[in-house]
Amino acid sequence: MRDDIALPTLPTMTDPFGRDITYLRVSVTDRCDFRCTYCMSEHMTFLPKKDLLTLEELDRLCTVFIEKGVRRLRLTGGEPLVRKNIMHLVEQLGRHLKTGALEELTLTTNGSQLTKHAKDLYRHGVRRINVSIDTLDAGKFKQVTRWGDLSRVLDGLKAAQDAGLKIKLNAVALKDFNDTEIPDMIRWAHGQDMDMTVIETMPMGEIEEDRTDRYLPLSELRADLARQFTLTDIPYKTGGPARYVEVAETGGRLGFITPMTHNFCESCNRVRLTCTGTLYMCLGQDDAADLREPLRASEGNELLSDAIDKAIGRKPKGHDFVIDRGTKRPAVSRHMSVTGG
Ligand code: SAM
Ligand code: SF4
C-alpha cells in the first residue's frame with residue numbers, strides 16, 4: 001500500500017479524559033402520555049411550548065454534532081413520539097444516514113404511538129428501537145405507568161416488527177414489583193426475537209415514592225437469574241452502556257445497565273441534548289451548557305461549534321449516584337424525562 005496517501009480522517013470530539021464523543025441523545029420533548037412512577041410525579045409541570053426548540057433548530061443542532069463527530073443519534077424524551085410532527089425531524093435526520101455521516105438513528109419509546117409511526121420510522125432509516133416495558137401484566141402495567149395501556153403497547157411492538165424494526169425491550173428492575181417476573185419477560189422477549197435489557201433505577205428528580213423501597217441492585221438480580229439460566233458474558237455492544245450476556249436456554253441476549261452497582265463512566269461516549277437546547281455532559285451531574293443562545297445568535301454555526309467544544313472540554317469523569325436510606329434527595333434534581341434515558 002502507498003503510504004503517501006493519507007486516509008481521510010473522520011472528525012472527532014474528544015473529552016479531557018480521552019473519551020471520543022460519538023453518541024448524542026436528544027430529548028425532543030419533556031412531555032409524555034405516561035406517568036411512570038419511578039420517572040415522574042403524577043402532576044408534572046412541563047415546559048411551556050414556547051421554550052422548546054423548533055424541529056428545524058433541533059435538526060440544525062444535531063447536524064452540527066454530526067459534522068463534529070457524532071455517529072449515533074438516539075431520539076428520546078419524555079415520549080419522543082408525542083412531539084408534534086416528530087416524523088419530520090426523523091426524516092430530516094435520515095438524510096445523514098444516506099450520506100453515511102451518521103451510522104445509526106434510533107429511538108427510545110414507551111411504544112404507545114408505534115402503530116401509527118412504525119412504518120415511517122423504518123422508511124426514514126431507523127432500524128432498531130428500544131421500547132420500555134416493565135411488566136407484561138396489564139394491571140401492573142397500569143399501576144407503574146399510571147396512564148399506560150399494555151395492549152396498545154403490544155400492538156405497537158407488533159407493528160414495529162411488521163415494519164422491519166429490530167426491538168430491544170428495556171425494563172427497569174423494581175424490587176417487589178417485577179423482580180420475580182423478569183425471567184418470564186426474558187423468555188417472552190427472546191421468544192419474540194427481541195433483545196432485552198434490565199436497568200437499575202437511578203435517583204433523578206423528586207417522585208412520590210422512596211426510591212430505596214424499589215431499588216434492586218442488578219448484581220442480586222443476575223445472581224437470581226443465574227440459578228435458572230446459563231448466562232455467558234459476550235462482547236456485544238450497541239454503543240450504549242449495557243453489558244450483555246447470552247442466555248443459553250433462550251438463545252437471546254440480555255443486557256444489564258448498572259449505573260449504581262458498576263458505573264460505566266470510564267467508557268462513556270455520549271452527551272445529552274434537551275428540547276430547550278441545553279447540553280448535559282453527564283446524566284448524573286447538573287453541569288450543563290446552553291446551546292440555544294449561540295444557535296440563535298447567528299445563522300452560521302461557528303458560535304455553536306465553539307460552545308459545543310467548550311462543553312465537551314468540561315465533561316466530568318463520572319456521576320455520583322447514590323441510593324441509600326441516608327440519602328433522601330435525588331442526585332440530580334431534574335427528572336429522567338428532561339434528558340431522556
Ligand atoms: N418515554 C420513553 C420511554 O419510556 O422509553 C423515553 C424516555 S424514558 C425517560 C427512557 C428510559 O428511562 C426508559 O426505559 C425508562 O424506563 C427509563 N427511566 C426513567 N426514569 C428512570 C430512573 N429514575 N431510573 C432508571 N431508568 C429510568
Ligand atoms: Fe414517560 Fe418514559 Fe418517563 Fe415512563 S419512563 S413517564 S414513558 S418518559
# chains A, B, ... in the order shown; residues from 1 in each chain; ligands from 1
>>> residues_around(residues="Ile182 of chain A", least_positions_apart="6", cutoff="10 Å", atoms="only C-alpha atoms", output="PyMOL selection string")
chain A and resi 134-136+171-174+188+198+221+225
>>> residues_near_ligand(ligand="ligand 2", cutoff="7 Å", atoms="only C-alpha atoms and all ligand atoms", output="CSV table (one decimal) with all heavy atoms, in the first residue's frame")
chain,number,residue,atom,x,y,z
A,32,CYS,N,-45.0,13.6,28.1
A,32,CYS,CA,-45.3,12.1,28.0
A,32,CYS,C,-46.7,11.8,28.2
A,32,CYS,O,-47.4,12.5,28.9
A,32,CYS,CB,-44.4,11.4,29.0
A,32,CYS,SG,-44.4,9.6,28.7
A,33,ASP,N,-47.2,10.7,27.5
A,33,ASP,CA,-48.5,10.3,27.7
A,33,ASP,C,-48.6,9.2,28.8
A,33,ASP,O,-49.7,8.7,29.1
A,33,ASP,CB,-49.1,9.7,26.4
A,33,ASP,CG,-48.2,8.7,25.7
A,33,ASP,OD1,-47.1,8.6,26.1
A,33,ASP,OD2,-48.7,8.0,24.8
A,34,PHE,N,-47.5,8.9,29.5
A,34,PHE,CA,-47.5,8.0,30.7
A,34,PHE,C,-47.0,8.8,31.8
A,34,PHE,O,-46.4,9.9,31.6
A,34,PHE,CB,-46.6,6.8,30.5
A,34,PHE,CG,-47.0,5.8,29.5
A,34,PHE,CD1,-48.2,5.9,28.7
A,34,PHE,CD2,-46.3,4.6,29.3
A,34,PHE,CE1,-48.5,5.0,27.8
A,34,PHE,CE2,-46.7,3.6,28.4
A,34,PHE,CZ,-47.8,3.8,27.6
A,35,ARG,N,-47.1,8.3,33.0
A,35,ARG,CA,-46.5,8.9,34.2
A,35,ARG,C,-45.8,7.8,35.1
A,35,ARG,O,-46.3,7.5,36.2
A,35,ARG,CB,-47.6,9.6,35.1
A,35,ARG,CG,-48.2,10.8,34.5
A,35,ARG,CD,-47.3,12.0,34.5
A,35,ARG,NE,-47.9,13.2,33.9
A,35,ARG,CZ,-48.0,13.4,32.6
A,35,ARG,NH1,-47.6,12.6,31.7
A,35,ARG,NH2,-48.6,14.5,32.2
A,36,CYS,N,-44.8,7.2,34.5
A,36,CYS,CA,-44.2,6.0,35.2
A,36,CYS,C,-43.8,6.5,36.6
A,36,CYS,O,-43.2,7.5,36.8
A,36,CYS,CB,-43.0,5.5,34.5
A,36,CYS,SG,-43.6,4.9,32.8
A,39,CYS,N,-40.2,7.5,37.3
A,39,CYS,CA,-39.7,8.5,36.4
A,39,CYS,C,-40.3,9.9,36.7
A,39,CYS,O,-39.5,10.9,36.7
A,39,CYS,CB,-40.0,8.1,34.9
A,39,CYS,SG,-39.5,9.4,33.7
A,40,MET,N,-41.6,10.0,36.9
A,40,MET,CA,-42.2,11.3,37.0
A,40,MET,C,-43.1,11.3,38.2
A,40,MET,O,-43.6,10.2,38.7
A,40,MET,CB,-43.2,11.5,35.8
A,40,MET,CG,-42.4,11.7,34.5
A,40,MET,SD,-43.6,12.3,33.3
A,40,MET,CE,-42.6,12.4,31.9
A,77,GLY,N,-37.1,11.2,25.2
A,77,GLY,CA,-37.9,12.2,25.8
A,77,GLY,C,-37.9,12.1,27.3
A,77,GLY,O,-37.0,11.5,27.9
A,78,GLY,N,-38.9,12.4,27.9
A,78,GLY,CA,-40.3,12.4,27.6
A,78,GLY,C,-40.6,11.3,26.5
A,78,GLY,O,-39.8,10.4,26.3
A,79,GLU,N,-41.8,11.3,26.0
A,79,GLU,CA,-42.1,10.4,24.9
A,79,GLU,C,-41.9,11.0,23.5
A,79,GLU,O,-42.6,11.9,23.2
A,79,GLU,CB,-43.5,9.9,25.1
A,79,GLU,CG,-44.0,9.0,24.0
A,79,GLU,CD,-43.0,7.9,23.6
A,79,GLU,OE1,-42.4,7.3,24.5
A,79,GLU,OE2,-42.8,7.7,22.4
A,109,THR,N,-38.7,4.6,23.2
A,109,THR,CA,-40.1,5.0,23.2
A,109,THR,C,-40.9,4.1,24.2
A,109,THR,O,-40.4,3.0,24.5
A,109,THR,CB,-40.7,4.8,21.8
A,109,THR,OG1,-42.2,5.0,21.9
A,109,THR,CG2,-40.5,3.5,21.2
A,110,ASN,N,-42.0,4.6,24.7
A,110,ASN,CA,-42.9,3.7,25.5
A,110,ASN,C,-43.8,2.9,24.6
A,110,ASN,O,-44.5,2.1,25.1
A,110,ASN,CB,-43.6,4.6,26.5
A,110,ASN,CG,-44.7,5.5,25.9
A,110,ASN,OD1,-45.1,5.3,24.7
A,110,ASN,ND2,-45.0,6.5,26.6
A,145,THR,N,-47.2,2.6,35.1
A,145,THR,CA,-47.2,3.7,34.1
A,145,THR,C,-48.3,4.8,34.5
A,145,THR,O,-48.3,5.8,33.9
A,145,THR,CB,-47.5,3.3,32.7
A,145,THR,OG1,-48.8,2.7,32.7
A,145,THR,CG2,-46.5,2.3,32.2
A,336,MET,N,-35.7,12.2,34.7
A,336,MET,CA,-35.1,11.5,33.6
A,336,MET,C,-35.8,11.9,32.3
A,336,MET,O,-35.1,11.9,31.2
A,336,MET,CB,-35.4,10.0,33.8
A,336,MET,CG,-34.7,9.1,32.8
A,336,MET,SD,-33.0,9.0,33.0
A,336,MET,CE,-32.7,7.3,32.9
A,337,SER,N,-37.0,12.4,32.4
A,337,SER,CA,-37.7,12.8,31.2
A,337,SER,C,-37.2,14.1,30.6
A,337,SER,O,-37.5,14.4,29.4
A,337,SER,CB,-39.2,13.0,31.5
A,337,SER,OG,-39.4,13.8,32.7
>>> select_by_dssp(residues="segment 1-108 of chain A", states="strand (DSSP E)", output="list in words")
Tyr23, Leu24, Arg25, Val26, Ser27, Arg72, Leu73, Arg74, Leu75, Thr76, Glu104, Leu105, Thr106, Leu107 and Thr108 of chain A
>>> closest_residue(among="A:Val131, A:Ile86, A:Ile308, A:Val126", to="ligand 1", atoms="only C-alpha atoms and all ligand atoms")
A:Val131
>>> atom_distance(atom1="atom CA of Cys275 of chain A", atom2="atom CA of Val64 of chain A")
15.7 Å
>>> atom_distance(atom1="atom CA of Thr76 of chain A", atom2="atom CA of Val144 of chain A")
19.4 Å
>>> closest_residue(among="A:Leu154, A:Ala297, A:Ala289, A:Leu24", to="Lys310 of chain A", atoms="only C-alpha atoms")
A:Ala289
>>> select_by_dssp(residues="segment 43-229 of chain A", states="helix (DSSP H, G or I)", output="number ranges by chain")
A: 49-51, 55-68, 80-82, 86-99, 114-123, 138-145, 150-163, 182-191, 211-214, 218-228
>>> residues_around(residues="segment 231-238 of chain A", least_positions_apart="6", cutoff="8 Å", atoms="only C-alpha atoms", output="PDB file with all heavy atoms, in the first residue's frame")
ATOM      1  N   TYR A 244     -23.605  -7.162  28.012  1.00  0.00           N
ATOM      2  CA  TYR A 244     -24.519  -8.222  27.570  1.00  0.00           C
ATOM      3  C   TYR A 244     -24.062  -9.618  27.968  1.00  0.00           C
ATOM      4  O   TYR A 244     -22.862  -9.891  28.069  1.00  0.00           O
ATOM      5  CB  TYR A 244     -24.670  -8.183  26.050  1.00  0.00           C
ATOM      6  CG  TYR A 244     -25.585  -7.073  25.604  1.00  0.00           C
ATOM      7  CD1 TYR A 244     -25.081  -5.808  25.349  1.00  0.00           C
ATOM      8  CD2 TYR A 244     -26.952  -7.276  25.474  1.00  0.00           C
ATOM      9  CE1 TYR A 244     -25.922  -4.765  24.961  1.00  0.00           C
ATOM     10  CE2 TYR A 244     -27.799  -6.252  25.086  1.00  0.00           C
ATOM     11  CZ  TYR A 244     -27.274  -5.003  24.833  1.00  0.00           C
ATOM     12  OH  TYR A 244     -28.105  -3.978  24.461  1.00  0.00           O
ATOM     13  N   VAL A 245     -25.065 -10.466  28.180  1.00  0.00           N
ATOM     14  CA  VAL A 245     -24.813 -11.903  28.319  1.00  0.00           C
ATOM     15  C   VAL A 245     -25.690 -12.615  27.294  1.00  0.00           C
ATOM     16  O   VAL A 245     -26.698 -12.065  26.845  1.00  0.00           O
ATOM     17  CB  VAL A 245     -25.176 -12.435  29.731  1.00  0.00           C
ATOM     18  CG1 VAL A 245     -24.322 -11.802  30.805  1.00  0.00           C
ATOM     19  CG2 VAL A 245     -26.664 -12.239  30.040  1.00  0.00           C
ATOM     20  N   GLU A 246     -25.275 -13.837  26.967  1.00  0.00           N
ATOM     21  CA  GLU A 246     -26.152 -14.672  26.152  1.00  0.00           C
ATOM     22  C   GLU A 246     -26.843 -15.645  27.093  1.00  0.00           C
ATOM     23  O   GLU A 246     -26.224 -16.156  28.020  1.00  0.00           O
ATOM     24  CB  GLU A 246     -25.337 -15.421  25.118  1.00  0.00           C
ATOM     25  CG  GLU A 246     -26.220 -16.027  24.056  1.00  0.00           C
ATOM     26  CD  GLU A 246     -25.385 -16.477  22.877  1.00  0.00           C
ATOM     27  OE1 GLU A 246     -24.762 -17.546  23.018  1.00  0.00           O
ATOM     28  OE2 GLU A 246     -25.355 -15.760  21.873  1.00  0.00           O
ATOM     29  N   VAL A 247     -28.125 -15.856  26.869  1.00  0.00           N
ATOM     30  CA  VAL A 247     -28.887 -16.774  27.714  1.00  0.00           C
ATOM     31  C   VAL A 247     -28.999 -18.092  26.935  1.00  0.00           C
ATOM     32  O   VAL A 247     -29.687 -18.149  25.910  1.00  0.00           O
ATOM     33  CB  VAL A 247     -30.287 -16.190  28.026  1.00  0.00           C
ATOM     34  CG1 VAL A 247     -31.061 -17.116  28.950  1.00  0.00           C
ATOM     35  CG2 VAL A 247     -30.176 -14.795  28.628  1.00  0.00           C
ATOM     36  N   ALA A 248     -28.305 -19.121  27.421  1.00  0.00           N
ATOM     37  CA  ALA A 248     -28.230 -20.370  26.646  1.00  0.00           C
ATOM     38  C   ALA A 248     -29.614 -20.959  26.398  1.00  0.00           C
ATOM     39  O   ALA A 248     -29.919 -21.434  25.303  1.00  0.00           O
ATOM     40  CB  ALA A 248     -27.349 -21.378  27.384  1.00  0.00           C
TER      41      ALA A 248
END
>>> closest_residue(among="A:Arg74, A:Arg83, A:Arg243, A:Arg152", to="Asn130 of chain A", atoms="only C-alpha atoms")
A:Arg74
>>> closest_residue(among="A:Ser305, A:Leu169, A:His117, A:His124", to="Met185 of chain A", atoms="only C-alpha atoms")
A:Leu169
>>> residues_around(residues="Ser151 of chain A", least_positions_apart="3", cutoff="12 Å", atoms="only C-alpha atoms", output="mmCIF file with C-alpha atoms, in the first residue's frame")
data_model
loop_
_atom_site.group_PDB
_atom_site.id
_atom_site.type_symbol
_atom_site.label_atom_id
_atom_site.label_comp_id
_atom_site.auth_asym_id
_atom_site.auth_seq_id
_atom_site.Cartn_x
_atom_site.Cartn_y
_atom_site.Cartn_z
ATOM 1 C CA GLY A 111 -44.454 2.169 22.425
ATOM 2 C CA SER A 112 -47.855 3.805 22.783
ATOM 3 C CA GLN A 113 -47.704 5.506 19.359
ATOM 4 C CA THR A 115 -48.868 1.541 15.482
ATOM 5 C CA ILE A 133 -41.945 -2.228 29.230
ATOM 6 C CA THR A 135 -44.186 -5.749 33.204
ATOM 7 C CA LEU A 136 -46.365 -7.909 30.954
ATOM 8 C CA ASP A 137 -49.195 -7.950 33.474
ATOM 9 C CA ALA A 138 -51.830 -5.466 32.261
ATOM 10 C CA GLY A 139 -52.890 -4.438 35.790
ATOM 11 C CA PHE A 141 -48.526 -2.070 33.754
ATOM 12 C CA LYS A 142 -51.296 0.391 34.514
ATOM 13 C CA GLY A 148 -50.494 3.396 30.050
ATOM 14 C CA LEU A 154 -48.120 -4.752 22.479
ATOM 15 C CA ASP A 155 -49.916 -3.761 19.265
ATOM 16 C CA GLY A 156 -47.159 -1.192 18.770
ATOM 17 C CA LEU A 157 -44.469 -3.868 19.162
ATOM 18 C CA LYS A 158 -46.177 -5.985 16.539
#
>>> residues_around(residues="Arg71 of chain A", least_positions_apart="4", cutoff="12 Å", atoms="only C-alpha atoms", output="PyMOL selection string")
chain A and resi 10-13+20-25+62-67+93+96-97+99-106+239+269-270
>>> closest_residue(among="A:Phe177, A:Tyr215, A:Tyr122, A:Phe17", to="ligand 1", atoms="only C-alpha atoms and all ligand atoms")
A:Tyr215
>>> atom_distance(atom1="atom CA of Arg334 of chain A", atom2="atom CA of Met204 of chain A")
6.0 Å
>>> closest_residue(among="A:Leu52, A:Ile207, A:Leu291, A:Leu114", to="Val153 of chain A", atoms="only C-alpha atoms")
A:Leu114
>>> decode(residues="segment 236-251 of chain A", atoms="all heavy atoms", output="PDB file, in the first residue's frame")
ATOM      1  N   TYR A 236     -20.737  -8.253  22.911  1.00  0.00           N
ATOM      2  CA  TYR A 236     -21.686  -7.489  22.087  1.00  0.00           C
ATOM      3  C   TYR A 236     -21.865  -6.068  22.633  1.00  0.00           C
ATOM      4  O   TYR A 236     -21.983  -5.861  23.842  1.00  0.00           O
ATOM      5  CB  TYR A 236     -23.020  -8.225  22.079  1.00  0.00           C
ATOM      6  CG  TYR A 236     -24.129  -7.546  21.330  1.00  0.00           C
ATOM      7  CD1 TYR A 236     -24.111  -7.487  19.950  1.00  0.00           C
ATOM      8  CD2 TYR A 236     -25.206  -6.974  22.006  1.00  0.00           C
ATOM      9  CE1 TYR A 236     -25.139  -6.863  19.250  1.00  0.00           C
ATOM     10  CE2 TYR A 236     -26.233  -6.354  21.327  1.00  0.00           C
ATOM     11  CZ  TYR A 236     -26.198  -6.298  19.956  1.00  0.00           C
ATOM     12  OH  TYR A 236     -27.218  -5.677  19.274  1.00  0.00           O
ATOM     13  N   LYS A 237     -21.870  -5.074  21.736  1.00  0.00           N
ATOM     14  CA  LYS A 237     -22.028  -3.659  22.140  1.00  0.00           C
ATOM     15  C   LYS A 237     -22.983  -2.978  21.190  1.00  0.00           C
ATOM     16  O   LYS A 237     -22.979  -3.244  19.992  1.00  0.00           O
ATOM     17  CB  LYS A 237     -20.681  -2.935  22.063  1.00  0.00           C
ATOM     18  CG  LYS A 237     -19.769  -3.220  23.232  1.00  0.00           C
ATOM     19  CD  LYS A 237     -19.836  -2.077  24.222  1.00  0.00           C
ATOM     20  CE  LYS A 237     -19.596  -2.477  25.658  1.00  0.00           C
ATOM     21  NZ  LYS A 237     -20.450  -1.842  26.610  1.00  0.00           N
ATOM     22  N   THR A 238     -23.802  -2.076  21.699  1.00  0.00           N
ATOM     23  CA  THR A 238     -24.695  -1.337  20.798  1.00  0.00           C
ATOM     24  C   THR A 238     -24.372   0.153  20.824  1.00  0.00           C
ATOM     25  O   THR A 238     -25.127   0.954  20.289  1.00  0.00           O
ATOM     26  CB  THR A 238     -26.165  -1.511  21.218  1.00  0.00           C
ATOM     27  OG1 THR A 238     -26.284  -1.045  22.560  1.00  0.00           O
ATOM     28  CG2 THR A 238     -26.633  -2.933  21.113  1.00  0.00           C
ATOM     29  N   GLY A 239     -23.278   0.525  21.463  1.00  0.00           N
ATOM     30  CA  GLY A 239     -22.936   1.943  21.561  1.00  0.00           C
ATOM     31  C   GLY A 239     -23.408   2.543  22.877  1.00  0.00           C
ATOM     32  O   GLY A 239     -22.999   3.632  23.250  1.00  0.00           O
ATOM     33  N   GLY A 240     -24.271   1.836  23.589  1.00  0.00           N
ATOM     34  CA  GLY A 240     -24.770   2.319  24.880  1.00  0.00           C
ATOM     35  C   GLY A 240     -24.007   1.669  26.022  1.00  0.00           C
ATOM     36  O   GLY A 240     -23.003   0.985  25.801  1.00  0.00           O
ATOM     37  N   PRO A 241     -24.478   1.869  27.255  1.00  0.00           N
ATOM     38  CA  PRO A 241     -23.727   1.405  28.421  1.00  0.00           C
ATOM     39  C   PRO A 241     -24.004  -0.049  28.843  1.00  0.00           C
ATOM     40  O   PRO A 241     -23.413  -0.530  29.798  1.00  0.00           O
ATOM     41  CB  PRO A 241     -24.206   2.353  29.523  1.00  0.00           C
ATOM     42  CG  PRO A 241     -25.602   2.703  29.118  1.00  0.00           C
ATOM     43  CD  PRO A 241     -25.642   2.683  27.625  1.00  0.00           C
ATOM     44  N   ALA A 242     -24.920  -0.750  28.137  1.00  0.00           N
ATOM     45  CA  ALA A 242     -25.285  -2.102  28.605  1.00  0.00           C
ATOM     46  C   ALA A 242     -24.134  -3.085  28.409  1.00  0.00           C
ATOM     47  O   ALA A 242     -23.398  -3.007  27.432  1.00  0.00           O
ATOM     48  CB  ALA A 242     -26.525  -2.591  27.855  1.00  0.00           C
ATOM     49  N   ARG A 243     -23.996  -4.001  29.395  1.00  0.00           N
ATOM     50  CA  ARG A 243     -23.089  -5.148  29.232  1.00  0.00           C
ATOM     51  C   ARG A 243     -23.987  -6.357  28.990  1.00  0.00           C
ATOM     52  O   ARG A 243     -24.965  -6.553  29.710  1.00  0.00           O
ATOM     53  CB  ARG A 243     -22.324  -5.415  30.531  1.00  0.00           C
ATOM     54  CG  ARG A 243     -21.204  -4.440  30.767  1.00  0.00           C
ATOM     55  CD  ARG A 243     -20.897  -4.346  32.259  1.00  0.00           C
ATOM     56  NE  ARG A 243     -20.492  -2.983  32.574  1.00  0.00           N
ATOM     57  CZ  ARG A 243     -19.231  -2.587  32.659  1.00  0.00           C
ATOM     58  NH1 ARG A 243     -18.269  -3.442  32.524  1.00  0.00           N
ATOM     59  NH2 ARG A 243     -18.936  -1.324  32.910  1.00  0.00           N
ATOM     60  N   TYR A 244     -23.605  -7.162  28.012  1.00  0.00           N
ATOM     61  CA  TYR A 244     -24.519  -8.222  27.570  1.00  0.00           C
ATOM     62  C   TYR A 244     -24.062  -9.618  27.968  1.00  0.00           C
ATOM     63  O   TYR A 244     -22.862  -9.891  28.069  1.00  0.00           O
ATOM     64  CB  TYR A 244     -24.670  -8.183  26.050  1.00  0.00           C
ATOM     65  CG  TYR A 244     -25.585  -7.073  25.604  1.00  0.00           C
ATOM     66  CD1 TYR A 244     -25.081  -5.808  25.349  1.00  0.00           C
ATOM     67  CD2 TYR A 244     -26.952  -7.276  25.474  1.00  0.00           C
ATOM     68  CE1 TYR A 244     -25.922  -4.765  24.961  1.00  0.00           C
ATOM     69  CE2 TYR A 244     -27.799  -6.252  25.086  1.00  0.00           C
ATOM     70  CZ  TYR A 244     -27.274  -5.003  24.833  1.00  0.00           C
ATOM     71  OH  TYR A 244     -28.105  -3.978  24.461  1.00  0.00           O
ATOM     72  N   VAL A 245     -25.065 -10.466  28.180  1.00  0.00           N
ATOM     73  CA  VAL A 245     -24.813 -11.903  28.319  1.00  0.00           C
ATOM     74  C   VAL A 245     -25.690 -12.615  27.294  1.00  0.00           C
ATOM     75  O   VAL A 245     -26.698 -12.065  26.845  1.00  0.00           O
ATOM     76  CB  VAL A 245     -25.176 -12.435  29.731  1.00  0.00           C
ATOM     77  CG1 VAL A 245     -24.322 -11.802  30.805  1.00  0.00           C
ATOM     78  CG2 VAL A 245     -26.664 -12.239  30.040  1.00  0.00           C
ATOM     79  N   GLU A 246     -25.275 -13.837  26.967  1.00  0.00           N
ATOM     80  CA  GLU A 246     -26.152 -14.672  26.152  1.00  0.00           C
ATOM     81  C   GLU A 246     -26.843 -15.645  27.093  1.00  0.00           C
ATOM     82  O   GLU A 246     -26.224 -16.156  28.020  1.00  0.00           O
ATOM     83  CB  GLU A 246     -25.337 -15.421  25.118  1.00  0.00           C
ATOM     84  CG  GLU A 246     -26.220 -16.027  24.056  1.00  0.00           C
ATOM     85  CD  GLU A 246     -25.385 -16.477  22.877  1.00  0.00           C
ATOM     86  OE1 GLU A 246     -24.762 -17.546  23.018  1.00  0.00           O
ATOM     87  OE2 GLU A 246     -25.355 -15.760  21.873  1.00  0.00           O
ATOM     88  N   VAL A 247     -28.125 -15.856  26.869  1.00  0.00           N
ATOM     89  CA  VAL A 247     -28.887 -16.774  27.714  1.00  0.00           C
ATOM     90  C   VAL A 247     -28.999 -18.092  26.935  1.00  0.00           C
ATOM     91  O   VAL A 247     -29.687 -18.149  25.910  1.00  0.00           O
ATOM     92  CB  VAL A 247     -30.287 -16.190  28.026  1.00  0.00           C
ATOM     93  CG1 VAL A 247     -31.061 -17.116  28.950  1.00  0.00           C
ATOM     94  CG2 VAL A 247     -30.176 -14.795  28.628  1.00  0.00           C
ATOM     95  N   ALA A 248     -28.305 -19.121  27.421  1.00  0.00           N
ATOM     96  CA  ALA A 248     -28.230 -20.370  26.646  1.00  0.00           C
ATOM     97  C   ALA A 248     -29.614 -20.959  26.398  1.00  0.00           C
ATOM     98  O   ALA A 248     -29.919 -21.434  25.303  1.00  0.00           O
ATOM     99  CB  ALA A 248     -27.349 -21.378  27.384  1.00  0.00           C
ATOM    100  N   GLU A 249     -30.483 -20.921  27.406  1.00  0.00           N
ATOM    101  CA  GLU A 249     -31.788 -21.590  27.316  1.00  0.00           C
ATOM    102  C   GLU A 249     -32.713 -20.946  26.288  1.00  0.00           C
ATOM    103  O   GLU A 249     -33.608 -21.594  25.753  1.00  0.00           O
ATOM    104  CB  GLU A 249     -32.487 -21.587  28.691  1.00  0.00           C
ATOM    105  CG  GLU A 249     -31.858 -22.518  29.720  1.00  0.00           C
ATOM    106  CD  GLU A 249     -30.528 -22.017  30.278  1.00  0.00           C
ATOM    107  OE1 GLU A 249     -30.146 -20.862  29.986  1.00  0.00           O
ATOM    108  OE2 GLU A 249     -29.864 -22.782  30.990  1.00  0.00           O
ATOM    109  N   THR A 250     -32.531 -19.629  26.027  1.00  0.00           N
ATOM    110  CA  THR A 250     -33.425 -18.942  25.089  1.00  0.00           C
ATOM    111  C   THR A 250     -32.707 -18.597  23.792  1.00  0.00           C
ATOM    112  O   THR A 250     -33.356 -18.259  22.796  1.00  0.00           O
ATOM    113  CB  THR A 250     -33.917 -17.609  25.692  1.00  0.00           C
ATOM    114  OG1 THR A 250     -32.756 -16.800  25.945  1.00  0.00           O
ATOM    115  CG2 THR A 250     -34.690 -17.794  26.977  1.00  0.00           C
ATOM    116  N   GLY A 251     -31.385 -18.603  23.842  1.00  0.00           N
ATOM    117  CA  GLY A 251     -30.599 -18.215  22.661  1.00  0.00           C
ATOM    118  C   GLY A 251     -30.605 -16.708  22.432  1.00  0.00           C
ATOM    119  O   GLY A 251     -30.129 -16.219  21.405  1.00  0.00           O
TER     120      GLY A 251
END
